[in-house]
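File shown: work.pdb. Contents: PDB, C-alpha atoms, pLDDT in the B column.
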ATOM      1  CA  MET A  21      28.207 -18.327   3.474  1.00 95.00           C
ATOM      2  CA  LEU A  22      24.744 -16.870   3.439  1.00 98.00           C
ATOM      3  CA  TYR A  23      21.770 -19.201   3.784  1.00 98.00           C
ATOM      4  CA  LEU A  24      18.144 -18.173   3.180  1.00 98.00           C
ATOM      5  CA  TYR A  25      15.218 -20.383   4.183  1.00 98.00           C
ATOM      6  CA  ASP A  26      11.458 -20.258   3.698  1.00 98.00           C
ATOM      7  CA  GLY A  27       9.885 -20.005   7.165  1.00 98.00           C
ATOM      8  CA  ALA A  28      11.460 -20.542  10.571  1.00 98.00           C
ATOM      9  CA  LEU A  29      15.078 -21.647  10.963  1.00 98.00           C
ATOM     10  CA  ASN A  30      15.969 -25.086  12.285  1.00 98.00           C
ATOM     11  CA  VAL A  31      18.359 -23.606  14.838  1.00 98.00           C
ATOM     12  CA  PRO A  32      19.839 -26.778  16.382  1.00 98.00           C
ATOM     13  CA  LYS A  33      20.576 -28.233  12.940  1.00 98.00           C
ATOM     14  CA  ILE A  34      22.082 -25.047  11.513  1.00 98.00           C
ATOM     15  CA  LEU A  35      24.320 -24.466  14.541  1.00 98.00           C
ATOM     16  CA  ALA A  36      25.432 -28.098  14.493  1.00 98.00           C
ATOM     17  CA  ASP A  37      26.033 -28.044  10.727  1.00 98.00           C
ATOM     18  CA  TRP A  38      28.161 -24.916  10.996  1.00 98.00           C
ATOM     19  CA  TYR A  39      30.101 -26.403  13.912  1.00 98.00           C
ATOM     20  CA  THR A  40      30.770 -29.534  11.896  1.00 98.00           C
ATOM     21  CA  GLN A  41      31.742 -27.587   8.767  1.00 98.00           C
ATOM     22  CA  GLU A  42      34.485 -25.758  10.660  1.00 98.00           C
ATOM     23  CA  ALA A  43      35.441 -28.397  13.214  1.00 97.00           C
ATOM     24  CA  GLN A  44      38.801 -29.035  11.531  1.00 98.00           C
ATOM     25  CA  SER A  45      39.456 -25.445  10.417  1.00 98.00           C
ATOM     26  CA  ASN A  46      41.585 -24.525  13.448  1.00 97.00           C
ATOM     27  CA  TYR A  47      39.333 -21.708  14.642  1.00 97.00           C
ATOM     28  CA  GLY A  48      39.546 -21.141  18.378  1.00 97.00           C
ATOM     29  CA  ALA A  49      36.222 -19.312  18.670  1.00 97.00           C
ATOM     30  CA  TYR A  50      32.704 -19.907  17.303  1.00 97.00           C
ATOM     31  CA  ILE A  51      30.320 -17.171  18.404  1.00 97.00           C
ATOM     32  CA  PRO A  52      26.719 -17.428  17.189  1.00 98.00           C
ATOM     33  CA  PHE A  53      23.895 -14.946  17.640  1.00 98.00           C
ATOM     34  CA  VAL A  54      20.347 -16.308  17.354  1.00 98.00           C
ATOM     35  CA  GLY A  55      17.357 -13.993  16.911  1.00 97.00           C
ATOM     36  CA  THR A  56      14.047 -15.378  18.189  1.00 98.00           C
ATOM     37  CA  VAL A  57      10.548 -13.914  17.749  1.00 98.00           C
ATOM     38  CA  ARG A  58       9.210 -12.710  21.103  1.00 97.00           C
ATOM     39  CA  SER A  59       5.608 -12.287  22.172  1.00 97.00           C
ATOM     40  CA  GLU A  60       4.876  -8.560  22.365  1.00 95.00           C
ATOM     41  CA  ASP A  61       2.076  -6.204  21.331  1.00 94.00           C
ATOM     42  CA  GLY A  62      -0.232  -9.127  20.635  1.00 96.00           C
ATOM     43  CA  ILE A  63       1.573 -10.280  17.492  1.00 97.00           C
ATOM     44  CA  ASP A  64       1.264 -13.846  16.199  1.00 98.00           C
ATOM     45  CA  GLY A  65       4.671 -13.711  14.554  1.00 98.00           C
ATOM     46  CA  LEU A  66       6.809 -11.827  12.057  1.00 98.00           C
ATOM     47  CA  SER A  67       7.176 -12.004   8.295  1.00 98.00           C
ATOM     48  CA  PHE A  68      10.103 -11.008   6.097  1.00 98.00           C
ATOM     49  CA  ASP A  69      10.783  -9.858   2.533  1.00 98.00           C
ATOM     50  CA  ILE A  70      14.365 -10.040   1.260  1.00 98.00           C
ATOM     51  CA  TYR A  71      16.007  -8.421  -1.755  1.00 98.00           C
ATOM     52  CA  GLU A  72      18.700 -10.946  -2.502  1.00 98.00           C
ATOM     53  CA  PRO A  73      20.971  -9.169  -5.043  1.00 98.00           C
ATOM     54  CA  ILE A  74      21.894  -6.374  -2.624  1.00 98.00           C
ATOM     55  CA  LEU A  75      21.869  -8.665   0.425  1.00 98.00           C
ATOM     56  CA  ASN A  76      24.434 -10.856  -1.348  1.00 98.00           C
ATOM     57  CA  SER A  77      26.751  -7.940  -2.138  1.00 97.00           C
ATOM     58  CA  TRP A  78      26.354  -6.486   1.382  1.00 98.00           C
ATOM     59  CA  PHE A  79      27.259  -9.876   2.865  1.00 98.00           C
ATOM     60  CA  ALA A  80      30.236 -10.302   0.524  1.00 98.00           C
ATOM     61  CA  THR A  81      31.643  -6.984   1.734  1.00 98.00           C
ATOM     62  CA  TRP A  82      31.460  -8.187   5.355  1.00 98.00           C
ATOM     63  CA  GLN A  83      32.924 -11.584   4.486  1.00 98.00           C
ATOM     64  CA  LYS A  84      35.900  -9.787   2.943  1.00 98.00           C
ATOM     65  CA  LYS A  85      36.369  -7.771   6.159  1.00 97.00           C
ATOM     66  CA  ALA A  86      36.220 -10.989   8.157  1.00 97.00           C
ATOM     67  CA  HIS A  87      38.801 -12.681   5.963  1.00 97.00           C
ATOM     68  CA  GLU A  88      41.157  -9.747   6.515  1.00 97.00           C
ATOM     69  CA  LYS A  89      41.066 -10.636  10.228  1.00 95.00           C
ATOM     70  CA  GLY A  90      41.492 -14.351   9.622  1.00 97.00           C
ATOM     71  CA  ALA A  91      37.810 -14.942  10.431  1.00 98.00           C
ATOM     72  CA  ILE A  92      34.686 -16.060   8.558  1.00 98.00           C
ATOM     73  CA  ILE A  93      31.004 -15.183   8.928  1.00 98.00           C
ATOM     74  CA  LYS A  94      28.002 -17.420   8.396  1.00 98.00           C
ATOM     75  CA  MET A  95      24.477 -16.064   8.334  1.00 98.00           C
ATOM     76  CA  ALA A  96      21.025 -17.618   7.995  1.00 98.00           C
ATOM     77  CA  HIS A  97      17.740 -15.722   7.608  1.00 98.00           C
ATOM     78  CA  SER A  98      14.103 -16.575   7.041  1.00 98.00           C
ATOM     79  CA  ARG A  99      11.842 -15.517   4.195  1.00 98.00           C
ATOM     80  CA  GLY A 100       8.106 -15.315   4.823  1.00 98.00           C
ATOM     81  CA  ASP A 101       6.382 -16.082   8.109  1.00 98.00           C
ATOM     82  CA  VAL A 102       8.057 -16.959  11.411  1.00 98.00           C
ATOM     83  CA  LEU A 103       5.822 -17.542  14.426  1.00 98.00           C
ATOM     84  CA  LEU A 104       6.310 -16.745  18.126  1.00 98.00           C
ATOM     85  CA  HIS A 105       9.299 -18.427  19.783  1.00 98.00           C
ATOM     86  CA  GLU A 106      10.669 -19.524  16.427  1.00 98.00           C
ATOM     87  CA  SER A 107      13.897 -18.056  15.060  1.00 98.00           C
ATOM     88  CA  SER A 108      14.423 -15.984  11.930  1.00 98.00           C
ATOM     89  CA  TYR A 109      18.087 -15.045  12.139  1.00 98.00           C
ATOM     90  CA  ILE A 110      21.433 -16.610  12.954  1.00 98.00           C
ATOM     91  CA  ALA A 111      24.796 -14.941  12.502  1.00 98.00           C
ATOM     92  CA  ALA A 112      28.053 -16.522  13.565  1.00 98.00           C
ATOM     93  CA  VAL A 113      31.705 -15.633  13.449  1.00 98.00           C
ATOM     94  CA  PHE A 114      34.544 -18.135  13.501  1.00 98.00           C
ATOM     95  CA  SER A 115      37.985 -16.733  14.274  1.00 97.00           C
ATOM     96  CA  PRO A 116      41.335 -17.890  15.579  1.00 96.00           C
ATOM     97  CA  LYS A 117      40.873 -15.944  18.842  1.00 94.00           C
ATOM     98  CA  ARG A 118      37.784 -14.916  20.798  1.00 94.00           C
ATOM     99  CA  ARG A 119      38.348 -11.135  20.874  1.00 95.00           C
ATOM    100  CA  VAL A 120      38.100 -10.741  17.092  1.00 92.00           C
ATOM    101  CA  ALA A 121      34.937 -12.834  16.985  1.00 94.00           C
ATOM    102  CA  LEU A 122      33.259 -10.985  19.872  1.00 96.00           C
ATOM    103  CA  GLU A 123      33.955  -7.574  18.360  1.00 96.00           C
ATOM    104  CA  PHE A 124      33.094  -8.705  14.850  1.00 96.00           C
ATOM    105  CA  ILE A 125      29.721 -10.218  15.705  1.00 97.00           C
ATOM    106  CA  ASP A 126      28.703  -6.953  17.393  1.00 97.00           C
ATOM    107  CA  ALA A 127      29.706  -4.761  14.435  1.00 97.00           C
ATOM    108  CA  PHE A 128      28.240  -7.183  11.903  1.00 98.00           C
ATOM    109  CA  VAL A 129      24.826  -7.488  13.571  1.00 97.00           C
ATOM    110  CA  GLU A 130      24.570  -3.714  14.075  1.00 96.00           C
ATOM    111  CA  ASP A 131      25.248  -3.062  10.390  1.00 97.00           C
ATOM    112  CA  PHE A 132      22.911  -5.894   9.443  1.00 98.00           C
ATOM    113  CA  LYS A 133      20.114  -4.083  11.292  1.00 96.00           C
ATOM    114  CA  ALA A 134      20.914  -0.770   9.599  1.00 96.00           C
ATOM    115  CA  SER A 135      21.761  -1.864   6.065  1.00 96.00           C
ATOM    116  CA  ALA A 136      20.679  -5.361   5.040  1.00 98.00           C
ATOM    117  CA  PRO A 137      17.765  -5.155   2.539  1.00 98.00           C
ATOM    118  CA  ILE A 138      15.239  -7.105   4.598  1.00 98.00           C
ATOM    119  CA  TRP A 139      11.754  -5.836   5.507  1.00 98.00           C
ATOM    120  CA  LYS A 140       9.880  -6.929   8.599  1.00 98.00           C
ATOM    121  CA  TYR A 141       6.117  -7.191   9.038  1.00 98.00           C
ATOM    122  CA  ASP A 142       4.058  -7.942  12.152  1.00 98.00           C
ATOM    123  CA  LEU A 143       1.551 -10.780  11.807  1.00 98.00           C
ATOM    124  CA  LYS A 144      -1.520  -9.860  13.794  1.00 97.00           C
ATOM    125  CA  ASP A 145      -5.206 -10.788  13.471  1.00 94.00           C
ATOM    126  CA  GLY A 146      -4.579 -12.312  10.062  1.00 92.00           C
ATOM    127  CA  ASN A 147      -2.904  -9.159   8.714  1.00 96.00           C
ATOM    128  CA  ARG A 148       0.689  -8.507   7.625  1.00 97.00           C
ATOM    129  CA  ARG A 149       1.662  -4.986   8.748  1.00 97.00           C
ATOM    130  CA  TYR A 150       4.987  -3.320   7.834  1.00 98.00           C
ATOM    131  CA  ALA A 151       6.993  -2.523  10.985  1.00 96.00           C
ATOM    132  CA  LEU A 152       7.981   0.982   9.875  1.00 97.00           C
ATOM    133  CA  GLU A 153       8.510   2.343  13.391  1.00 96.00           C
ATOM    134  CA  ARG A 154      11.109  -0.362  14.143  1.00 96.00           C
ATOM    135  CA  SER A 155      12.857   0.002  10.797  1.00 98.00           C
ATOM    136  CA  THR A 156      15.938   2.031   9.880  1.00 97.00           C
ATOM    137  CA  ALA A 157      16.368   4.114   6.737  1.00 98.00           C
ATOM    138  CA  ILE A 158      19.469   2.963   4.851  1.00 98.00           C
ATOM    139  CA  LYS A 159      22.296   5.517   4.861  1.00 96.00           C
ATOM    140  CA  GLY A 160      21.787   7.996   2.018  1.00 95.00           C
ATOM    141  CA  SER A 161      18.009   7.592   1.875  1.00 97.00           C
ATOM    142  CA  GLY A 162      15.867  10.404   0.505  1.00 97.00           C
ATOM    143  CA  LEU A 163      17.896  10.964  -2.661  1.00 96.00           C
ATOM    144  CA  LEU A 164      14.877  10.999  -4.956  1.00 97.00           C
ATOM    145  CA  ALA A 165      12.962  13.451  -2.729  1.00 96.00           C
ATOM    146  CA  GLN A 166      15.534  16.170  -3.470  1.00 85.00           C
TER
ATOM    147  CA  MET B  26      13.960   1.937 -21.330  1.00 95.00           C
ATOM    148  CA  VAL B  27      14.798   2.125 -17.626  1.00 98.00           C
ATOM    149  CA  ARG B  28      13.036  -0.193 -15.173  1.00 98.00           C
ATOM    150  CA  VAL B  29      12.077   1.164 -11.729  1.00 98.00           C
ATOM    151  CA  GLU B  30      11.305  -1.344  -8.979  1.00 98.00           C
ATOM    152  CA  PHE B  31       9.710  -0.613  -5.604  1.00 98.00           C
ATOM    153  CA  LEU B  32      10.926  -3.078  -2.995  1.00 98.00           C
ATOM    154  CA  GLY B  33       9.524  -4.487   0.241  1.00 97.00           C
ATOM    155  CA  PRO B  34       6.440  -2.741   1.608  1.00 98.00           C
ATOM    156  CA  ILE B  35       6.055  -0.176  -1.196  1.00 97.00           C
ATOM    157  CA  GLN B  36       2.903  -1.467  -2.835  1.00 89.00           C
ATOM    158  CA  LYS B  37       3.525  -0.303  -6.376  1.00 95.00           C
ATOM    159  CA  ASP B  38       4.113  -2.132  -9.640  1.00 97.00           C
ATOM    160  CA  ALA B  39       7.411  -1.636 -11.458  1.00 98.00           C
ATOM    161  CA  LEU B  40       7.616   1.161 -14.040  1.00 98.00           C
ATOM    162  CA  GLU B  41       9.302   1.187 -17.448  1.00 98.00           C
ATOM    163  CA  LEU B  42      10.374   4.743 -18.262  1.00 97.00           C
ATOM    164  CA  GLU B  43      12.066   6.520 -21.156  1.00 97.00           C
ATOM    165  CA  ILE B  44      14.452   8.633 -19.067  1.00 97.00           C
ATOM    166  CA  THR B  45      18.122   9.489 -19.355  1.00 97.00           C
ATOM    167  CA  ASP B  46      19.020  10.653 -15.845  1.00 96.00           C
ATOM    168  CA  LEU B  47      18.002  10.389 -12.212  1.00 96.00           C
ATOM    169  CA  SER B  48      16.765  13.969 -11.982  1.00 95.00           C
ATOM    170  CA  GLN B  49      14.073  13.088 -14.533  1.00 97.00           C
ATOM    171  CA  LEU B  50      13.167  10.068 -12.443  1.00 97.00           C
ATOM    172  CA  ALA B  51      12.958  12.192  -9.275  1.00 97.00           C
ATOM    173  CA  ALA B  52      10.569  14.607 -11.007  1.00 97.00           C
ATOM    174  CA  ILE B  53       8.315  11.780 -12.238  1.00 97.00           C
ATOM    175  CA  LEU B  54       8.170  10.025  -8.872  1.00 98.00           C
ATOM    176  CA  GLN B  55       7.651  13.274  -6.926  1.00 98.00           C
ATOM    177  CA  ALA B  56       4.496  13.860  -8.982  1.00 97.00           C
ATOM    178  CA  ASP B  57       3.016  10.648  -7.535  1.00 96.00           C
ATOM    179  CA  GLU B  58       1.403  11.545  -4.196  1.00 95.00           C
ATOM    180  CA  SER B  59       1.372   7.919  -3.022  1.00 95.00           C
ATOM    181  CA  LEU B  60       5.181   7.922  -3.097  1.00 97.00           C
ATOM    182  CA  HIS B  61       5.895  11.118  -1.141  1.00 96.00           C
ATOM    183  CA  GLU B  62       6.770   9.449   2.154  1.00 96.00           C
ATOM    184  CA  TRP B  63       8.638   6.593   0.464  1.00 98.00           C
ATOM    185  CA  LEU B  64      10.835   9.013  -1.477  1.00 98.00           C
ATOM    186  CA  THR B  65      11.967  10.699   1.753  1.00 98.00           C
ATOM    187  CA  ASN B  66      12.912   7.478   3.541  1.00 98.00           C
ATOM    188  CA  SER B  67      14.047   5.165   0.727  1.00 98.00           C
ATOM    189  CA  ALA B  68      17.563   4.469  -0.486  1.00 98.00           C
ATOM    190  CA  VAL B  69      18.217   4.143  -4.222  1.00 98.00           C
ATOM    191  CA  ALA B  70      20.155   1.475  -6.081  1.00 98.00           C
ATOM    192  CA  LEU B  71      21.284   1.566  -9.712  1.00 97.00           C
ATOM    193  CA  ASN B  72      21.755  -1.956 -11.122  1.00 98.00           C
ATOM    194  CA  ASP B  73      21.804  -3.348  -7.555  1.00 97.00           C
ATOM    195  CA  THR B  74      24.456  -0.954  -6.235  1.00 96.00           C
ATOM    196  CA  LEU B  75      23.396   1.718  -3.742  1.00 96.00           C
ATOM    197  CA  ILE B  76      24.050   5.243  -4.976  1.00 96.00           C
ATOM    198  CA  SER B  77      24.593   8.506  -3.078  1.00 95.00           C
ATOM    199  CA  SER B  78      24.105  11.092  -5.816  1.00 95.00           C
ATOM    200  CA  LEU B  79      21.717  11.906  -8.665  1.00 94.00           C
ATOM    201  CA  GLU B  80      24.682  12.697 -10.927  1.00 93.00           C
ATOM    202  CA  GLY B  81      25.386  10.707 -14.062  1.00 88.00           C
ATOM    203  CA  SER B  82      23.259   9.401 -16.890  1.00 95.00           C
ATOM    204  CA  LEU B  83      21.045   6.359 -17.343  1.00 97.00           C
ATOM    205  CA  LYS B  84      21.163   3.982 -20.294  1.00 97.00           C
ATOM    206  CA  ASP B  85      18.758   1.556 -21.880  1.00 97.00           C
ATOM    207  CA  GLY B  86      18.358  -1.547 -19.699  1.00 98.00           C
ATOM    208  CA  ASP B  87      19.344   0.106 -16.405  1.00 98.00           C
ATOM    209  CA  LYS B  88      17.430  -0.919 -13.294  1.00 98.00           C
ATOM    210  CA  ILE B  89      16.611   1.462 -10.450  1.00 98.00           C
ATOM    211  CA  SER B  90      15.430   0.060  -7.104  1.00 98.00           C
ATOM    212  CA  LEU B  91      13.884   1.949  -4.187  1.00 98.00           C
ATOM    213  CA  LEU B  92      14.677   0.425  -0.790  1.00 98.00           C
ATOM    214  CA  PRO B  93      12.492   1.611   2.110  1.00 98.00           C
ATOM    215  CA  PRO B  94      13.635   1.407   5.785  1.00 98.00           C
ATOM    216  CA  VAL B  95      14.918  -2.038   6.721  1.00 98.00           C
ATOM    217  CA  CYS B  96      14.645  -4.294   9.766  1.00 97.00           C
ATOM    218  CA  GLY B  97      16.119  -7.746   9.413  1.00 96.00           C
ATOM    219  CA  GLY B  98      16.554 -10.206  12.224  1.00 94.00           C
TER
END
Do you think you could lay out the structure here as C-alpha coordinates?
Amino acid sequence: MLYLYDGALNVPKILADWYTQEAQSNYGAYIPFVGTVRSEDGIDGLSFDIYEPILNSWFATWQKKAHEKGAIIKMAHSRGDVLLHESSYIAAVFSPKRRVALEFIDAFVEDFKASAPIWKYDLKDGNRRYALERSTAIKGSGLLAQ
Amino acid sequence: MVRVEFLGPIQKDALELEITDLSQLAAILQADESLHEWLTNSAVALNDTLISSLEGSLKDGDKISLLPPVCGG
(Lines of atoms letter the chains of each structure in order from A and count residues from 1; the text may use other names and numbers.)
(Lines give C-alpha, C1' and ligand atoms only; values in the text may rest on other atoms or scores of the structure.)
Protein backbone atom coordinates (compact mmCIF):
# COMPACT_ATOMS: atom_id res chain seq x y z
CA MET A 1 0.00 0.00 0.00
CA LEU A 2 2.07 2.78 -1.44
CA TYR A 3 0.39 6.08 -2.27
CA LEU A 4 2.02 8.89 -4.28
CA TYR A 5 0.51 12.37 -4.50
CA ASP A 6 1.29 15.53 -6.44
CA GLY A 7 2.18 18.23 -3.89
CA ALA A 8 1.70 18.24 -0.13
CA LEU A 9 -0.03 15.38 1.69
CA ASN A 10 -3.42 15.82 3.31
CA VAL A 11 -2.18 14.35 6.58
CA PRO A 12 -5.40 14.29 8.64
CA LYS A 13 -7.30 12.61 5.80
CA ILE A 14 -4.61 10.03 5.04
CA LEU A 15 -4.17 9.07 8.70
CA ALA A 16 -7.93 8.82 9.15
CA ASP A 17 -8.37 6.82 5.94
CA TRP A 18 -5.68 4.35 6.98
CA TYR A 19 -7.21 4.05 10.46
CA THR A 20 -10.60 3.33 8.92
CA GLN A 21 -9.19 0.84 6.41
CA GLU A 22 -7.73 -1.28 9.21
CA ALA A 23 -10.24 -0.59 11.98
CA GLN A 24 -11.66 -4.12 11.78
CA SER A 25 -8.39 -5.90 10.96
CA ASN A 26 -7.59 -6.84 14.58
CA TYR A 27 -4.30 -4.95 14.73
CA GLY A 28 -3.41 -3.82 18.23
CA ALA A 29 -0.97 -1.11 17.15
CA TYR A 30 -1.02 1.64 14.50
CA ILE A 31 2.21 3.63 14.51
CA PRO A 32 2.52 6.44 11.97
CA PHE A 33 5.52 8.63 11.22
CA VAL A 34 4.83 11.99 9.56
CA GLY A 35 7.61 14.01 7.93
CA THR A 36 7.01 17.77 7.80
CA VAL A 37 9.05 20.43 5.98
CA ARG A 38 10.82 22.67 8.50
CA SER A 39 12.01 26.23 8.04
CA GLU A 40 15.81 26.17 7.87
CA ASP A 41 18.54 27.78 5.76
CA GLY A 42 16.05 30.20 4.25
CA ILE A 43 14.27 27.61 2.11
CA ASP A 44 10.72 28.15 0.86
CA GLY A 45 10.05 24.43 0.70
CA LEU A 46 11.24 21.14 -0.76
CA SER A 47 10.62 19.40 -4.06
CA PHE A 48 10.82 15.71 -4.93
CA ASP A 49 11.47 13.48 -7.94
CA ILE A 50 10.49 9.81 -7.68
CA TYR A 51 11.46 6.82 -9.82
CA GLU A 52 8.41 4.66 -9.39
CA PRO A 53 9.47 1.26 -10.84
CA ILE A 54 12.27 0.77 -8.30
CA LEU A 55 10.33 2.46 -5.48
CA ASN A 56 7.53 -0.06 -6.05
CA SER A 57 9.87 -3.07 -5.89
CA TRP A 58 11.71 -1.66 -2.85
CA PHE A 59 8.38 -1.18 -1.07
CA ALA A 60 7.17 -4.67 -2.02
CA THR A 61 10.26 -6.17 -0.41
CA TRP A 62 9.48 -4.35 2.86
CA GLN A 63 5.80 -5.28 2.70
CA LYS A 64 6.84 -8.92 2.44
CA LYS A 65 9.04 -8.53 5.55
CA ALA A 66 6.12 -6.94 7.37
CA HIS A 67 3.77 -9.75 6.41
CA GLU A 68 6.24 -12.27 7.81
CA LYS A 69 5.76 -10.56 11.20
CA GLY A 70 1.99 -10.39 10.87
CA ALA A 71 2.19 -6.65 10.15
CA ILE A 72 1.50 -4.33 7.21
CA ILE A 73 3.08 -1.07 6.07
CA LYS A 74 1.41 1.89 4.42
CA MET A 75 3.40 4.75 2.93
CA ALA A 76 2.49 8.04 1.27
CA HIS A 77 4.93 10.44 -0.42
CA SER A 78 4.72 13.67 -2.38
CA ARG A 79 5.90 14.37 -5.91
CA GLY A 80 6.87 17.92 -6.82
CA ASP A 81 6.77 20.90 -4.49
CA VAL A 82 5.92 20.86 -0.78
CA LEU A 83 6.07 24.16 1.11
CA LEU A 84 7.13 24.98 4.68
CA HIS A 85 5.08 23.29 7.42
CA GLU A 86 3.42 21.00 4.91
CA SER A 87 4.11 17.26 4.91
CA SER A 88 5.73 15.14 2.22
CA TYR A 89 5.97 11.73 3.86
CA ILE A 90 3.89 9.38 5.96
CA ALA A 91 4.85 5.83 6.86
CA ALA A 92 2.79 3.65 9.16
CA VAL A 93 2.96 0.14 10.50
CA PHE A 94 -0.01 -1.85 11.72
CA SER A 95 0.78 -4.94 13.78
CA PRO A 96 -0.85 -7.20 16.33
CA LYS A 97 1.46 -5.94 19.10
CA ARG A 98 3.24 -2.63 19.65
CA ARG A 99 6.84 -3.90 19.88
CA VAL A 100 6.90 -5.23 16.31
CA ALA A 101 5.44 -1.99 14.98
CA LEU A 102 7.84 0.24 16.93
CA GLU A 103 10.90 -1.69 15.77
CA PHE A 104 9.61 -2.03 12.23
CA ILE A 105 8.85 1.65 11.69
CA ASP A 106 12.40 2.52 12.78
CA ALA A 107 14.06 0.01 10.43
CA PHE A 108 11.72 0.86 7.56
CA VAL A 109 12.23 4.63 7.74
CA GLU A 110 16.01 4.26 8.04
CA ASP A 111 16.16 2.09 4.92
CA PHE A 112 13.74 4.42 3.16
CA LYS A 113 16.22 7.26 3.71
CA ALA A 114 19.14 5.18 2.43
CA SER A 115 17.56 3.29 -0.46
CA ALA A 116 14.24 4.61 -1.77
CA PRO A 117 14.75 6.21 -5.23
CA ILE A 118 13.52 9.69 -4.32
CA TRP A 119 15.51 12.90 -4.89
CA LYS A 120 15.10 16.01 -2.79
CA TYR A 121 15.60 19.61 -3.88
CA ASP A 122 15.56 22.82 -1.84
CA LEU A 123 13.23 25.54 -3.11
CA LYS A 124 14.90 28.87 -2.52
CA ASP A 125 14.66 32.25 -4.27
CA GLY A 126 12.71 30.69 -7.12
CA ASN A 127 15.34 28.00 -7.74
CA ARG A 128 15.19 24.22 -7.32
CA ARG A 129 18.56 23.03 -5.96
CA TYR A 130 19.47 19.34 -5.50
CA ALA A 131 20.19 18.59 -1.82
CA LEU A 132 23.31 16.53 -2.50
CA GLU A 133 24.89 17.12 0.91
CA ARG A 134 21.83 15.65 2.68
CA SER A 135 21.53 12.71 0.30
CA THR A 136 22.84 9.16 0.66
CA ALA A 137 24.48 7.12 -2.09
CA ILE A 138 22.59 3.85 -2.56
CA LYS A 139 24.55 0.78 -1.47
CA GLY A 140 26.79 -0.39 -4.32
CA SER A 141 27.09 3.03 -5.95
CA GLY A 142 30.10 3.83 -8.10
CA LEU A 143 29.96 0.66 -10.21
CA LEU A 144 30.33 2.48 -13.51
CA ALA A 145 33.31 4.54 -12.27
CA GLN A 146 35.41 1.36 -11.97
CA MET B 1 20.03 -1.10 -28.75
CA VAL B 2 20.42 -0.46 -25.02
CA ARG B 3 18.73 2.56 -23.44
CA VAL B 4 20.58 4.46 -20.68
CA GLU B 5 18.55 6.75 -18.43
CA PHE B 6 19.90 9.33 -15.98
CA LEU B 7 17.52 9.77 -13.06
CA GLY B 8 16.73 12.58 -10.63
CA PRO B 9 19.15 15.51 -10.64
CA ILE B 10 21.45 14.22 -13.40
CA GLN B 11 20.62 16.69 -16.14
CA LYS B 12 21.29 14.52 -19.16
CA ASP B 13 19.07 13.12 -21.89
CA ALA B 14 18.75 9.35 -22.25
CA LEU B 15 21.19 7.57 -24.58
CA GLU B 16 20.56 4.74 -27.03
CA LEU B 17 23.75 2.71 -27.41
CA GLU B 18 24.88 -0.31 -29.42
CA ILE B 19 26.70 -2.09 -26.58
CA THR B 20 26.82 -5.68 -25.40
CA ASP B 21 28.13 -5.38 -21.84
CA LEU B 22 28.43 -3.00 -18.91
CA SER B 23 32.18 -2.56 -19.25
CA GLN B 24 31.58 -0.95 -22.65
CA LEU B 25 29.00 1.32 -21.05
CA ALA B 26 31.43 2.28 -18.26
CA ALA B 27 34.07 3.24 -20.84
CA ILE B 28 31.61 5.39 -22.82
CA LEU B 29 30.26 7.19 -19.76
CA GLN B 30 33.72 7.72 -18.24
CA ALA B 31 34.69 9.63 -21.39
CA ASP B 32 31.97 12.20 -20.60
CA GLU B 33 33.48 14.75 -18.20
CA SER B 34 30.06 16.00 -17.07
CA LEU B 35 29.34 12.55 -15.62
CA HIS B 36 32.52 11.99 -13.60
CA GLU B 37 31.05 12.83 -10.20
CA TRP B 38 27.74 11.11 -10.96
CA LEU B 39 29.50 7.87 -11.90
CA THR B 40 31.25 7.75 -8.52
CA ASN B 41 28.10 8.27 -6.45
CA SER B 42 25.35 6.66 -8.54
CA ALA B 43 23.89 3.18 -8.24
CA VAL B 44 23.08 1.22 -11.40
CA ALA B 45 19.92 -0.67 -12.29
CA LEU B 46 19.44 -3.11 -15.17
CA ASN B 47 15.77 -3.33 -16.22
CA ASP B 48 14.75 -1.70 -12.91
CA THR B 49 16.72 -4.07 -10.68
CA LEU B 50 19.78 -2.73 -8.86
CA ILE B 51 22.98 -4.54 -9.78
CA SER B 52 26.25 -4.99 -7.88
CA SER B 53 28.60 -6.16 -10.62
CA LEU B 54 29.56 -5.29 -14.20
CA GLU B 55 29.55 -8.99 -15.11
CA GLY B 56 27.16 -10.41 -17.67
CA SER B 57 26.01 -9.32 -21.09
CA LEU B 58 23.41 -6.86 -22.34
CA LYS B 59 20.77 -7.60 -24.96
CA ASP B 60 18.70 -5.54 -27.33
CA GLY B 61 15.96 -3.68 -25.44
CA ASP B 62 17.71 -3.64 -22.06
CA LYS B 63 17.38 -0.50 -19.95
CA ILE B 64 20.14 0.82 -17.71
CA SER B 65 19.33 3.47 -15.09
CA LEU B 66 21.75 5.59 -13.06
CA LEU B 67 20.45 6.51 -9.60
CA PRO B 68 22.31 9.34 -7.83
CA PRO B 69 22.26 9.78 -4.01
CA VAL B 70 18.74 9.72 -2.58
CA CYS B 71 16.89 11.62 0.14
CA GLY B 72 13.21 10.90 0.46
CA GLY B 73 11.00 12.12 3.25
**Request:** Name the closest residue to Lys37 (chain B) among the candidates B:Val95, B:Val69, B:Gly81, B:Ser90; distances are taken between atoms, counting all atoms listed in the file.
**Result:**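 The shortest atom-to-atom distance to Lys37 (chain B) comes from B:Ser90.
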**Request:** Starting from the displayed file, determine the output of the PyMOL selection byres ((chain B) within 12 of (chain A)) and express the residue list as an MDAnalysis selection string.
**Result:** chainID B and resid 30:36 46:58 60:80 89:98
**Asked** How many Å separate CA of Gly100 (chain A) from CA of Pro52 (chain A)?
**Response** 22.4 Å
**Answer key for the PyMOL selection byres ((chain A and resi 33-50) around 12), residues as a ChimeraX atom specification** = /A:21-25,28-32,51-54,90-97,107-125
**Request:** Translate the PyMOL selection byres ((chain B and resi 26) around 10), as applied to the file shown, into an explicit residue set as a PyMOL selection string.
**Result:** chain B and resi 27-29+40-45+83-88
Selected residues written out, C-alpha atoms, as a JSON list (two decimals), in the frame of the given file:
[["chain", "number", "residue", "atom", "x", "y", "z"],
["B", 27, "VAL", "CA", 14.80, 2.12, -17.63],
["B", 28, "ARG", "CA", 13.04, -0.19, -15.17],
["B", 29, "VAL", "CA", 12.08, 1.16, -11.73],
["B", 40, "LEU", "CA", 7.62, 1.16, -14.04],
["B", 41, "GLU", "CA", 9.30, 1.19, -17.45],
["B", 42, "LEU", "CA", 10.37, 4.74, -18.26],
["B", 43, "GLU", "CA", 12.07, 6.52, -21.16],
["B", 44, "ILE", "CA", 14.45, 8.63, -19.07],
["B", 45, "THR", "CA", 18.12, 9.49, -19.36],
["B", 83, "LEU", "CA", 21.04, 6.36, -17.34],
["B", 84, "LYS", "CA", 21.16, 3.98, -20.29],
["B", 85, "ASP", "CA", 18.76, 1.56, -21.88],
["B", 86, "GLY", "CA", 18.36, -1.55, -19.70],
["B", 87, "ASP", "CA", 19.34, 0.11, -16.40],
["B", 88, "LYS", "CA", 17.43, -0.92, -13.29]]
**Asked** In Å to one decimal, how far is CA of Arg99 (chain A) from CA of Lys144 (chain A)?
**Response**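 Distance between the two atoms: 17.4 Å.
Checking A:Gly65, A:Phe128, A:Asn76, A:Arg148 one by one against Glu106 (chain A), counting all atoms listed in the file, you find the shortest gap at A:Gly65.
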Listed atoms of region 31-46 of chain A, axis-aligned box, 4 Å per side: centre and edge lengths to one decimal in Å, as lines of an AutoDock Vina configuration file?
center_x = 30.0
center_y = -26.6
center_z = 12.6
size_x = 31.2
size_y = 13.9
size_z = 15.6
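Coordinates place CA of Asp64 (chain A) at a distance of 8.6 Å from CA of Gly146 (chain A).
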